[in-house]
Amino acid sequence: MTVVATPPAPKLELPPLKLGPITVDTPVILAPMAGITNSAFRRLCREYGGGLYVAEMVTSRALVERTPESLRIISHDDDEKVRSVQLYGVDPVTVGQAVRMLVEEDRADHIDLNFGCPVPKVTRRGGGSALPWKIDLFTSIVQTAVKEASKGNIPLTIKMRKGIDDDHLTYLDAGRIARDSGVAAVALHGRTAAQFYSGQADWSAIARLREALPDIPVLGNGDIWSAEDAVRMVRETGVDGVVVGRGCQGRPWLFGDLMAAFEGSEQRYRPDLRQVAESVYRHAELMVETFGDEGKALREIRKHIAWYFKGYVVGSELRTKLALVTSLEVLRGTLDQLDLDSPYPGTDAEGPRGRAGSPKKPALPKDWLLNRTLDDEQTRDISFAELDVSGG
């Protein structure tokens with residue numbers, strides 16, 4: 001992998017991130033992303049730099065029911081230093097059962113709760129970024145989860161958004177409730193559910209949360225596309241660490257850049273096309289190991305192709321072929337057709353990636369916004385609202 005020097009930068013004086021008994025020397029967290037942060041991708045990222053690498057979000061109900069897919073999601077490689085799992089749920093009882101299972105069966109070293117997902121199938125059931133609006137429900141879930149996690153000395157954190165929309169912000173209330181409930185850290189994505197991934201993340205909201213919660217770690221998320229963005233977020237907001245999501249899609253080496261930047265190093269990864277092609281093939285091989293099914297693994301790798309080759313000179317015909325590969329042999333042959341001597345294309349390969357979407361009215365349960373607590377009908381419905389599949 002080509003490594004180049006950038007202008008000298010002072011070392012960022014940011015101490016290791018402490019989450020209960022866990023110390024994360026490089027305070028960088030890989031955000032859980034459905035269909036992305038499986039063990040294959042986590043391994044690729046770990047090979048470049050330090051940090052905390054969180055598995056895909058898993059629903060509490062599916063985990064309690066021990067569905068094969070949920071058990072795959074929470075599986076970790078033997079050499080993963082910290083086994084990090086993110087749970088989604090809307091029912092305190094089910095969330096508590098899922099945390100208890102992870103603790104009693106020694107399946108996790110760190111647990112995160114998802115209160116940030118903006119996907120309609122999640123929010124329309126009152127979950128994800130819709131849930132903190134209901135203070136009683138949010139408090140019950142967090143307190144129950146912290147209580148169960150503490151039995152195994154497992155640190156529990158939460159990840160959330162600013163709120164449902166600009167008229168229904170929840171992050172300051174939710175942050176204080178989470179702190180008072182005993183969470184180890186709070187992460188904030190500086191967007192509302194209504195924004196989805198559009199527009200710009202509001203780093204000023206992250207700074208306000210940092211100021212409001214001086215006694216626990218606060219982590220910032222949103223629009224970190226480069227190591228320089230991460231350093232700037234820390235300096236502008238005062239956060240204790242950063243959470244990286246879409247910025248690393250097709251760029252597992254970003255974690256090497258982040259570690260170098262936080263240490264004040266000038267080194268940055270700038271891969272040529274040959275090196276990107278090798279990363280794609282290795283990613284696919286690891287996916288085969290993860291799924292034990294070459295066909296499924298190759299279907300999964302297709303979504304990564306556009307991210308890996310963003311900005312590189314790859315003709316439309318080859319891009320189409322790469323998006324339809326069916327085996328490692330076909331992938332290898334197609335990659336070999338690229339102009340592998342093409343250099344790193346510079347800024348064209350950087351910046352935003354993935355679908356930003358557009359602002360939209362969040363899908364919510366009936367009368368969800370009328371008040372901050374559950375009514376009788378919503379209380380009855382909530383125990384049946386658990387999704388039985390992993391979310392987005």
# chains A, B, ... in the order shown; residues from 1 in each chain; ligands from 1

$ residues_around --residues "Pro252 in chain A" --least-positions-apart "5" --cutoff "8 Å" --atoms "only C-alpha atoms" --output "list in words"
Phe41, Leu44, Cys45 and Tyr48 of chain A

$ residues_around --residues "range 17-26 of chain A" --least-positions-apart "4" --cutoff "7 Å" --atoms "only C-alpha atoms" --output "ChimeraX atom specification"
/A:50-52,155,184-185,240-241,259

$ write_last_selection --atoms "N, CA, C and O atoms" --output "mmCIF file, in the first residue's frame"
data_model
loop_
_atom_site.group_PDB
_atom_site.id
_atom_site.type_symbol
_atom_site.label_atom_id
_atom_site.label_comp_id
_atom_site.auth_asym_id
_atom_site.auth_seq_id
_atom_site.Cartn_x
_atom_site.Cartn_y
_atom_site.Cartn_z
ATOM 1 N N GLY A 50 -5.592 1.204 14.875
ATOM 2 C CA GLY A 50 -6.252 0.878 16.126
ATOM 3 C C GLY A 50 -7.605 1.534 16.228
ATOM 4 O O GLY A 50 -7.936 2.461 15.484
ATOM 5 N N GLY A 51 -8.399 1.058 17.174
ATOM 6 C CA GLY A 51 -9.728 1.607 17.386
ATOM 7 C C GLY A 51 -10.647 0.556 17.970
ATOM 8 O O GLY A 51 -10.224 -0.533 18.361
ATOM 9 N N LEU A 52 -11.920 0.890 18.028
ATOM 10 C CA LEU A 52 -12.950 -0.028 18.489
ATOM 11 C C LEU A 52 -13.848 -0.331 17.302
ATOM 12 O O LEU A 52 -14.414 0.584 16.699
ATOM 13 N N PRO A 155 -19.066 -2.566 29.747
ATOM 14 C CA PRO A 155 -19.474 -1.174 29.511
ATOM 15 C C PRO A 155 -20.555 -1.094 28.453
ATOM 16 O O PRO A 155 -20.495 -1.779 27.422
ATOM 17 N N ALA A 184 -21.369 4.194 29.778
ATOM 18 C CA ALA A 184 -19.931 4.463 29.761
ATOM 19 C C ALA A 184 -19.561 5.597 28.820
ATOM 20 O O ALA A 184 -18.511 6.221 28.985
ATOM 21 N N ALA A 185 -20.396 5.871 27.827
ATOM 22 C CA ALA A 185 -20.141 6.951 26.867
ATOM 23 C C ALA A 185 -21.390 7.174 26.036
ATOM 24 O O ALA A 185 -22.265 6.299 25.937
ATOM 25 N N ASP A 240 -14.229 13.279 22.993
ATOM 26 C CA ASP A 240 -13.213 12.355 23.483
ATOM 27 C C ASP A 240 -12.811 11.316 22.443
ATOM 28 O O ASP A 240 -11.882 10.531 22.667
ATOM 29 N N GLY A 241 -13.506 11.298 21.324
ATOM 30 C CA GLY A 241 -13.211 10.354 20.257
ATOM 31 C C GLY A 241 -14.196 10.553 19.122
ATOM 32 O O GLY A 241 -15.157 11.326 19.243
ATOM 33 N N MET A 259 -5.203 6.840 12.758
ATOM 34 C CA MET A 259 -4.240 6.571 13.813
ATOM 35 C C MET A 259 -2.995 7.442 13.635
ATOM 36 O O MET A 259 -2.480 8.020 14.603
#

$ residues_around --residues "range 122-128 of chain A" --least-positions-apart "6" --cutoff "6 Å" --atoms "only C-alpha atoms" --output "PyMOL selection string"
chain A and resi 90+114-116+363-365+385

$ select_by_dssp --residues "range 62-115 of chain A" --states "alpha helix (DSSP H)" --output "NGL selection string"
:A and (62-64 or 68-73 or 92-104)

$ closest_residue --among "A:Asp136, A:Asp79, A:Glu211, A:Glu104" --to "Asn371 in chain A" --atoms "only C-alpha atoms"
A:Asp136

$ atom_distance --atom1 "CA of Lys11 in chain A" --atom2 "CA of Gly351 in chain A"
23.3 Å

$ residues_around --residues "Leu87 in chain A" --least-positions-apart "4" --cutoff "8 Å" --atoms "only C-alpha atoms" --output "PDB file with C-alpha atoms, in the first residue's frame"
ATOM      1  CA  MET A  57     -26.642  -3.857  14.484  1.00  0.00           C
ATOM      2  CA  VAL A  58     -28.626  -6.855  15.733  1.00  0.00           C
ATOM      3  CA  THR A  59     -32.203  -6.782  16.961  1.00  0.00           C
ATOM      4  CA  SER A  60     -32.839  -7.834  20.532  1.00  0.00           C
ATOM      5  CA  VAL A  95     -33.511  -5.548  25.366  1.00  0.00           C
ATOM      6  CA  ILE A 111     -22.428  -3.302  24.127  1.00  0.00           C
ATOM      7  CA  ASP A 112     -23.878  -0.295  22.321  1.00  0.00           C
ATOM      8  CA  LEU A 113     -27.572   0.593  22.047  1.00  0.00           C
ATOM      9  CA  ASN A 114     -28.882   2.021  18.785  1.00  0.00           C
TER      10      ASN A 114
END

$ closest_residue --among "A:Val85, A:Ala178, A:Ile382, A:Val244" --to "Pro27 in chain A" --atoms "only C-alpha atoms"
A:Val244

$ residues_around --residues "Gly182 in chain A" --least-positions-apart "3" --cutoff "12 Å" --atoms "only C-alpha atoms" --output "compact mmCIF listing (two decimals) with C-alpha atoms, in the first residue's frame"
# COMPACT_ATOMS: atom_id res chain seq x y z
CA LEU A 19 -14.98 2.61 28.51
CA GLY A 20 -15.22 0.93 31.88
CA THR A 139 -35.08 5.72 30.33
CA VAL A 142 -31.18 2.31 29.06
CA GLN A 143 -31.53 1.62 32.79
CA THR A 144 -32.47 -2.01 32.17
CA ALA A 145 -29.58 -2.54 29.75
CA VAL A 146 -27.02 -0.88 32.04
CA LYS A 147 -28.20 -2.99 34.98
CA GLU A 148 -27.83 -6.24 33.03
CA ALA A 149 -24.49 -5.27 31.50
CA SER A 150 -23.05 -4.25 34.86
CA ASN A 153 -18.70 -5.50 34.18
CA ILE A 154 -19.49 -4.87 30.50
CA PRO A 155 -19.47 -1.17 29.51
CA LEU A 156 -22.66 -0.08 27.78
CA THR A 157 -22.81 2.95 25.49
CA ILE A 158 -25.49 4.59 23.36
CA GLY A 175 -27.62 12.38 26.94
CA ARG A 176 -28.33 13.43 30.52
CA ILE A 177 -30.65 10.47 31.12
CA ALA A 178 -28.06 8.07 29.72
CA ARG A 179 -25.32 9.56 31.89
CA ALA A 185 -20.14 6.95 26.87
CA VAL A 186 -22.55 8.71 24.54
CA ASP A 215 -18.33 13.80 33.38
CA ILE A 216 -18.51 11.01 30.75
CA PRO A 217 -16.90 10.49 27.33

$ atom_distance --atom1 "CA of Arg72 in chain A" --atom2 "CA of His110 in chain A"
16.9 Å

$ select_by_dssp --residues "range 14-49 of chain A" --states "strand (DSSP E)" --output "PyMOL selection string"
chain A and resi 17-19+22-24+28-30

$ residues_around --residues "Arg235 in chain A" --least-positions-apart "5" --cutoff "12 Å" --atoms "only C-alpha atoms" --output "list in words"
Lys11, Leu12, Glu13, Leu14, Trp203, Ser204, Ile206, Ala207, Gly220, Glu228, Asp229, Ala230, Asp240, Gly241, Val242 and Phe262 of chain A

$ write_last_selection --atoms "N, CA, C and O atoms" --output "PDB file, in the first residue's frame"
ATOM      1  N   LYS A  11       0.892  16.573  17.199  1.00  0.00           N
ATOM      2  CA  LYS A  11       0.166  15.436  17.762  1.00  0.00           C
ATOM      3  C   LYS A  11      -1.081  15.936  18.469  1.00  0.00           C
ATOM      4  O   LYS A  11      -1.051  16.933  19.190  1.00  0.00           O
ATOM      5  N   LEU A  12      -2.188  15.260  18.241  1.00  0.00           N
ATOM      6  CA  LEU A  12      -3.435  15.626  18.880  1.00  0.00           C
ATOM      7  C   LEU A  12      -3.392  15.124  20.328  1.00  0.00           C
ATOM      8  O   LEU A  12      -3.285  13.922  20.562  1.00  0.00           O
ATOM      9  N   GLU A  13      -3.455  16.021  21.253  1.00  0.00           N
ATOM     10  CA  GLU A  13      -3.331  15.629  22.661  1.00  0.00           C
ATOM     11  C   GLU A  13      -4.664  15.078  23.154  1.00  0.00           C
ATOM     12  O   GLU A  13      -5.404  15.720  23.893  1.00  0.00           O
ATOM     13  N   LEU A  14      -4.965  13.882  22.722  1.00  0.00           N
ATOM     14  CA  LEU A  14      -6.211  13.233  23.090  1.00  0.00           C
ATOM     15  C   LEU A  14      -5.881  11.922  23.799  1.00  0.00           C
ATOM     16  O   LEU A  14      -5.242  11.044  23.214  1.00  0.00           O
ATOM     17  N   TRP A 203     -21.965  19.870  13.800  1.00  0.00           N
ATOM     18  CA  TRP A 203     -20.935  19.642  14.807  1.00  0.00           C
ATOM     19  C   TRP A 203     -21.146  20.538  16.032  1.00  0.00           C
ATOM     20  O   TRP A 203     -20.680  20.205  17.124  1.00  0.00           O
ATOM     21  N   SER A 204     -21.858  21.657  15.864  1.00  0.00           N
ATOM     22  CA  SER A 204     -22.108  22.525  17.020  1.00  0.00           C
ATOM     23  C   SER A 204     -22.991  21.815  18.047  1.00  0.00           C
ATOM     24  O   SER A 204     -22.856  22.049  19.256  1.00  0.00           O
ATOM     25  N   ILE A 206     -22.861  18.615  18.618  1.00  0.00           N
ATOM     26  CA  ILE A 206     -21.924  17.706  19.293  1.00  0.00           C
ATOM     27  C   ILE A 206     -21.157  18.464  20.364  1.00  0.00           C
ATOM     28  O   ILE A 206     -20.960  17.971  21.486  1.00  0.00           O
ATOM     29  N   ALA A 207     -20.744  19.685  20.060  1.00  0.00           N
ATOM     30  CA  ALA A 207     -20.030  20.513  21.043  1.00  0.00           C
ATOM     31  C   ALA A 207     -20.926  20.841  22.231  1.00  0.00           C
ATOM     32  O   ALA A 207     -20.470  20.846  23.390  1.00  0.00           O
ATOM     33  N   GLY A 220     -18.129  11.977  18.730  1.00  0.00           N
ATOM     34  CA  GLY A 220     -18.759  12.685  17.633  1.00  0.00           C
ATOM     35  C   GLY A 220     -18.807  11.864  16.363  1.00  0.00           C
ATOM     36  O   GLY A 220     -17.862  11.148  16.037  1.00  0.00           O
ATOM     37  N   GLU A 228      -8.071  14.311   8.503  1.00  0.00           N
ATOM     38  CA  GLU A 228      -8.078  15.734   8.832  1.00  0.00           C
ATOM     39  C   GLU A 228      -9.441  16.173   9.370  1.00  0.00           C
ATOM     40  O   GLU A 228      -9.536  17.019  10.264  1.00  0.00           O
ATOM     41  N   ASP A 229     -10.528  15.580   8.821  1.00  0.00           N
ATOM     42  CA  ASP A 229     -11.865  15.874   9.345  1.00  0.00           C
ATOM     43  C   ASP A 229     -11.972  15.454  10.806  1.00  0.00           C
ATOM     44  O   ASP A 229     -12.563  16.158  11.633  1.00  0.00           O
ATOM     45  N   ALA A 230     -11.427  14.284  11.133  1.00  0.00           N
ATOM     46  CA  ALA A 230     -11.501  13.782  12.503  1.00  0.00           C
ATOM     47  C   ALA A 230     -10.769  14.701  13.469  1.00  0.00           C
ATOM     48  O   ALA A 230     -11.268  15.018  14.554  1.00  0.00           O
ATOM     49  N   ASP A 240     -14.229  13.279  22.993  1.00  0.00           N
ATOM     50  CA  ASP A 240     -13.213  12.355  23.483  1.00  0.00           C
ATOM     51  C   ASP A 240     -12.811  11.316  22.443  1.00  0.00           C
ATOM     52  O   ASP A 240     -11.882  10.531  22.667  1.00  0.00           O
ATOM     53  N   GLY A 241     -13.506  11.298  21.324  1.00  0.00           N
ATOM     54  CA  GLY A 241     -13.211  10.354  20.257  1.00  0.00           C
ATOM     55  C   GLY A 241     -14.196  10.553  19.122  1.00  0.00           C
ATOM     56  O   GLY A 241     -15.157  11.326  19.243  1.00  0.00           O
ATOM     57  N   VAL A 242     -13.943   9.875  18.008  1.00  0.00           N
ATOM     58  CA  VAL A 242     -14.797  10.027  16.835  1.00  0.00           C
ATOM     59  C   VAL A 242     -15.350   8.676  16.406  1.00  0.00           C
ATOM     60  O   VAL A 242     -14.739   7.630  16.625  1.00  0.00           O
ATOM     61  N   PHE A 262      -3.831  11.180  14.557  1.00  0.00           N
ATOM     62  CA  PHE A 262      -3.969  11.411  15.989  1.00  0.00           C
ATOM     63  C   PHE A 262      -2.610  11.386  16.690  1.00  0.00           C
ATOM     64  O   PHE A 262      -2.442  11.981  17.751  1.00  0.00           O
TER      65      PHE A 262
END

$ decode --residues "range 53-158 of chain A" --atoms "C-alpha atoms" --output "CSV table (one decimal), in the first residue's frame"
chain,number,residue,atom,x,y,z
A,53,TYR,CA,-14.7,-2.0,15.8
A,54,VAL,CA,-18.4,-2.5,16.3
A,55,ALA,CA,-20.4,-5.4,14.6
A,56,GLU,CA,-23.5,-4.8,12.6
A,57,MET,CA,-26.6,-3.9,14.5
A,58,VAL,CA,-28.6,-6.9,15.7
A,59,THR,CA,-32.2,-6.8,17.0
A,60,SER,CA,-32.8,-7.8,20.5
A,61,ARG,CA,-35.7,-10.1,19.6
A,62,ALA,CA,-33.7,-12.0,17.0
A,63,LEU,CA,-30.9,-12.5,19.4
A,64,VAL,CA,-33.2,-13.7,22.2
A,65,GLU,CA,-34.7,-16.1,19.7
A,66,ARG,CA,-31.2,-17.2,18.6
A,67,THR,CA,-31.9,-16.9,14.9
A,68,PRO,CA,-28.9,-18.1,12.8
A,69,GLU,CA,-28.4,-14.7,11.3
A,70,SER,CA,-28.4,-12.9,14.6
A,71,LEU,CA,-25.8,-15.3,16.0
A,72,ARG,CA,-23.6,-14.7,12.9
A,73,ILE,CA,-23.8,-11.0,13.3
A,74,ILE,CA,-22.5,-11.1,16.9
A,75,SER,CA,-19.7,-13.6,16.0
A,76,HIS,CA,-16.2,-12.3,16.3
A,77,ASP,CA,-12.8,-13.5,15.1
A,78,ASP,CA,-10.7,-15.1,17.8
A,79,ASP,CA,-8.2,-12.3,17.7
A,80,GLU,CA,-10.6,-9.4,18.0
A,81,LYS,CA,-9.4,-7.8,21.2
A,82,VAL,CA,-12.7,-6.2,22.0
A,83,ARG,CA,-15.9,-8.0,21.0
A,84,SER,CA,-18.3,-5.1,20.4
A,85,VAL,CA,-22.0,-5.6,19.7
A,86,GLN,CA,-24.7,-3.1,18.9
A,87,LEU,CA,-28.3,-3.9,19.9
A,88,TYR,CA,-31.6,-2.4,18.6
A,89,GLY,CA,-34.8,-2.7,20.5
A,90,VAL,CA,-38.0,-0.9,21.6
A,91,ASP,CA,-39.1,-3.1,24.4
A,92,PRO,CA,-37.2,-2.9,27.7
A,93,VAL,CA,-37.9,-6.5,28.6
A,94,THR,CA,-36.5,-7.9,25.3
A,95,VAL,CA,-33.5,-5.5,25.4
A,96,GLY,CA,-32.8,-6.6,28.9
A,97,GLN,CA,-33.0,-10.3,27.9
A,98,ALA,CA,-30.6,-9.7,25.0
A,99,VAL,CA,-28.0,-8.0,27.2
A,100,ARG,CA,-28.3,-10.7,29.8
A,101,MET,CA,-27.7,-13.3,27.1
A,102,LEU,CA,-24.6,-11.5,25.9
A,103,VAL,CA,-23.2,-11.2,29.4
A,104,GLU,CA,-24.1,-14.7,30.8
A,105,GLU,CA,-22.8,-16.4,27.7
A,106,ASP,CA,-19.7,-14.3,27.4
A,107,ARG,CA,-20.4,-13.1,23.9
A,108,ALA,CA,-19.4,-9.4,24.1
A,109,ASP,CA,-16.9,-7.1,25.9
A,110,HIS,CA,-18.8,-3.9,24.9
A,111,ILE,CA,-22.4,-3.3,24.1
A,112,ASP,CA,-23.9,-0.3,22.3
A,113,LEU,CA,-27.6,0.6,22.0
A,114,ASN,CA,-28.9,2.0,18.8
A,115,PHE,CA,-31.0,5.1,19.1
A,116,GLY,CA,-29.8,6.7,15.9
A,117,CYS,CA,-31.1,4.6,13.0
A,118,PRO,CA,-33.3,6.8,10.7
A,119,VAL,CA,-34.6,3.9,8.4
A,120,PRO,CA,-38.4,4.0,8.2
A,121,LYS,CA,-38.9,0.3,9.0
A,122,VAL,CA,-37.2,1.1,12.4
A,123,THR,CA,-38.7,4.5,13.2
A,124,ARG,CA,-42.2,3.6,12.3
A,125,ARG,CA,-42.1,1.1,15.1
A,126,GLY,CA,-40.9,3.8,17.5
A,127,GLY,CA,-37.3,2.6,17.4
A,128,GLY,CA,-33.9,4.1,16.4
A,129,SER,CA,-33.9,7.8,16.3
A,130,ALA,CA,-37.6,8.0,17.1
A,131,LEU,CA,-37.3,6.4,20.5
A,132,PRO,CA,-35.6,9.1,22.7
A,133,TRP,CA,-38.7,11.3,22.1
A,134,LYS,CA,-40.5,9.0,24.6
A,135,ILE,CA,-38.5,9.8,27.7
A,136,ASP,CA,-40.1,7.1,29.9
A,137,LEU,CA,-39.4,4.3,27.3
A,138,PHE,CA,-35.9,5.6,26.6
A,139,THR,CA,-35.1,5.7,30.3
A,140,SER,CA,-36.5,2.2,31.0
A,141,ILE,CA,-34.5,0.7,28.1
A,142,VAL,CA,-31.2,2.3,29.1
A,143,GLN,CA,-31.5,1.6,32.8
A,144,THR,CA,-32.5,-2.0,32.2
A,145,ALA,CA,-29.6,-2.5,29.7
A,146,VAL,CA,-27.0,-0.9,32.0
A,147,LYS,CA,-28.2,-3.0,35.0
A,148,GLU,CA,-27.8,-6.2,33.0
A,149,ALA,CA,-24.5,-5.3,31.5
A,150,SER,CA,-23.1,-4.3,34.9
A,151,LYS,CA,-23.5,-7.8,36.1
A,152,GLY,CA,-20.6,-8.8,33.9
A,153,ASN,CA,-18.7,-5.5,34.2
A,154,ILE,CA,-19.5,-4.9,30.5
A,155,PRO,CA,-19.5,-1.2,29.5
A,156,LEU,CA,-22.7,-0.1,27.8
A,157,THR,CA,-22.8,2.9,25.5
A,158,ILE,CA,-25.5,4.6,23.4
